[in-house]
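For reference, start38.cif is printed below; it contains mmCIF, C-alpha atoms.
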```cif
data_run
#
loop_
_atom_site.group_PDB
_atom_site.id
_atom_site.type_symbol
_atom_site.label_atom_id
_atom_site.label_comp_id
_atom_site.auth_asym_id
_atom_site.auth_seq_id
_atom_site.Cartn_x
_atom_site.Cartn_y
_atom_site.Cartn_z
ATOM 1 C CA MET H 1 -18.236 32.864 13.621
ATOM 2 C CA ASN H 2 -20.892 35.091 15.149
ATOM 3 C CA ASN H 3 -22.215 34.656 18.650
ATOM 4 C CA PRO H 4 -24.659 31.720 18.218
ATOM 5 C CA LYS H 5 -27.301 33.369 20.422
ATOM 6 C CA THR H 6 -27.559 36.362 18.102
ATOM 7 C CA MET H 7 -27.509 34.471 14.788
ATOM 8 C CA ASN H 8 -30.640 34.112 12.706
ATOM 9 C CA THR H 9 -31.549 31.009 10.725
ATOM 10 C CA VAL H 10 -29.956 32.285 7.503
ATOM 11 C CA GLU H 11 -26.655 33.004 9.264
ATOM 12 C CA ILE H 12 -26.738 29.604 10.963
ATOM 13 C CA ASN H 13 -27.366 27.869 7.625
ATOM 14 C CA LYS H 14 -24.555 29.855 6.007
ATOM 15 C CA SER H 15 -22.159 28.885 8.784
ATOM 16 C CA ILE H 16 -23.161 25.235 8.492
ATOM 17 C CA MET H 17 -22.573 25.329 4.730
ATOM 18 C CA GLU H 18 -19.153 26.972 5.199
ATOM 19 C CA LEU H 19 -18.136 24.383 7.787
ATOM 20 C CA ASN H 20 -19.316 21.522 5.579
ATOM 21 C CA TYR H 21 -17.297 22.952 2.687
ATOM 22 C CA LYS H 22 -14.178 23.157 4.887
ATOM 23 C CA LYS H 23 -14.784 19.607 6.120
ATOM 24 C CA GLU H 24 -15.115 18.248 2.574
ATOM 25 C CA LYS H 25 -11.968 20.091 1.479
ATOM 26 C CA LEU H 26 -10.025 18.665 4.425
ATOM 27 C CA GLN H 27 -11.394 15.186 3.734
ATOM 28 C CA ARG H 28 -10.103 15.394 0.160
ATOM 29 C CA GLU H 29 -6.677 16.327 1.541
ATOM 30 C CA VAL H 30 -6.806 13.395 3.959
ATOM 31 C CA ASP H 31 -7.792 11.064 1.103
ATOM 32 C CA GLU H 32 -4.854 12.301 -1.009
ATOM 33 C CA ILE H 33 -2.430 11.820 1.875
ATOM 34 C CA GLN H 34 -3.807 8.329 2.520
ATOM 35 C CA ALA H 35 -3.344 7.435 -1.154
ATOM 36 C CA GLN H 36 0.281 8.584 -0.961
ATOM 37 C CA ILE H 37 0.823 6.483 2.172
ATOM 38 C CA TYR H 38 -0.621 3.396 0.446
ATOM 39 C CA PHE H 39 1.554 4.020 -2.616
ATOM 40 C CA LEU H 40 4.705 4.319 -0.526
ATOM 41 C CA ALA H 41 3.809 1.271 1.583
ATOM 42 C CA ASN H 42 3.320 -0.768 -1.605
ATOM 43 C CA LEU H 43 6.607 0.532 -2.997
ATOM 44 C CA ARG H 44 8.365 -0.442 0.242
ATOM 45 C CA GLU H 45 6.844 -3.924 0.092
ATOM 46 C CA THR H 46 7.920 -4.344 -3.533
ATOM 47 C CA GLN H 47 11.468 -3.315 -2.659
ATOM 48 C CA ARG H 48 11.467 -5.653 0.330
ATOM 49 C CA MET H 49 10.405 -8.560 -1.897
ATOM 50 C CA ASP H 50 13.085 -7.644 -4.454
ATOM 51 C CA ASP H 51 15.693 -7.510 -1.678
ATOM 52 C CA ASP H 52 14.527 -10.874 -0.341
ATOM 53 C CA GLU H 53 14.752 -12.422 -3.810
ATOM 54 C CA GLN H 54 18.233 -11.011 -4.326
ATOM 55 C CA SER H 55 19.468 -12.169 -0.927
ATOM 56 C CA GLY H 56 17.931 -15.590 -1.591
ATOM 57 C CA GLN H 57 19.754 -15.764 -4.913
ATOM 58 C CA SER H 58 23.007 -14.710 -3.227
ATOM 59 C CA LEU H 59 22.606 -17.442 -0.645
ATOM 60 C CA PHE H 60 21.900 -19.956 -3.399
ATOM 61 C CA ASP H 61 24.982 -18.766 -5.299
ATOM 62 C CA GLN H 62 27.125 -19.030 -2.155
ATOM 63 C CA MET H 63 25.874 -22.508 -1.329
ATOM 64 C CA PHE H 64 26.066 -23.930 -4.845
ATOM 65 C CA GLY H 65 28.796 -21.835 -6.440
ATOM 66 C CA GLY H 66 26.469 -19.923 -8.784
#
```

Written as structure tokens, that's how I'd like the structure from this file.
Amino acid sequence: MNNPKTMNTVEINKSIMELNYKKEKLQREVDEIQAQIYFLANLRETQRMDDDEQSGQSLFDQMFGG
């Protein structure tokens, strides 16, 4: 970026536009990463529930000879 004291209005506007573009691009990346985190957290929760159901069934089988 140029020295802000020597920039004219057009250069300032261009720099603002470039920074906004970079910010939007980074925000899209953050949104994609967040979506992946949510997906994996949901997958983990599903597996945890499956494991709980299976261990509950095993306990039932052990107690009642299933």

Inset, instruction - One decimal, Å: what's the distance from CA of Arg28 in chain H over to CA of Thr9 in chain H, could you say? - result: 28.6 Å

Inset, instruction - Go ahead and compute the interatomic distance for CA of Lys25 in chain H and CA of Arg44 in chain H, in Å to one decimal. - result: 28.9 Å

Inset, instruction - Please indicate the distance in Å from CA of Glu29 in chain H to CA of Glu11 in chain H, rounded to one decimal place. - result: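 Taking CA of Glu29 in chain H and CA of Glu11 in chain H, their separation equals 27.1 Å.
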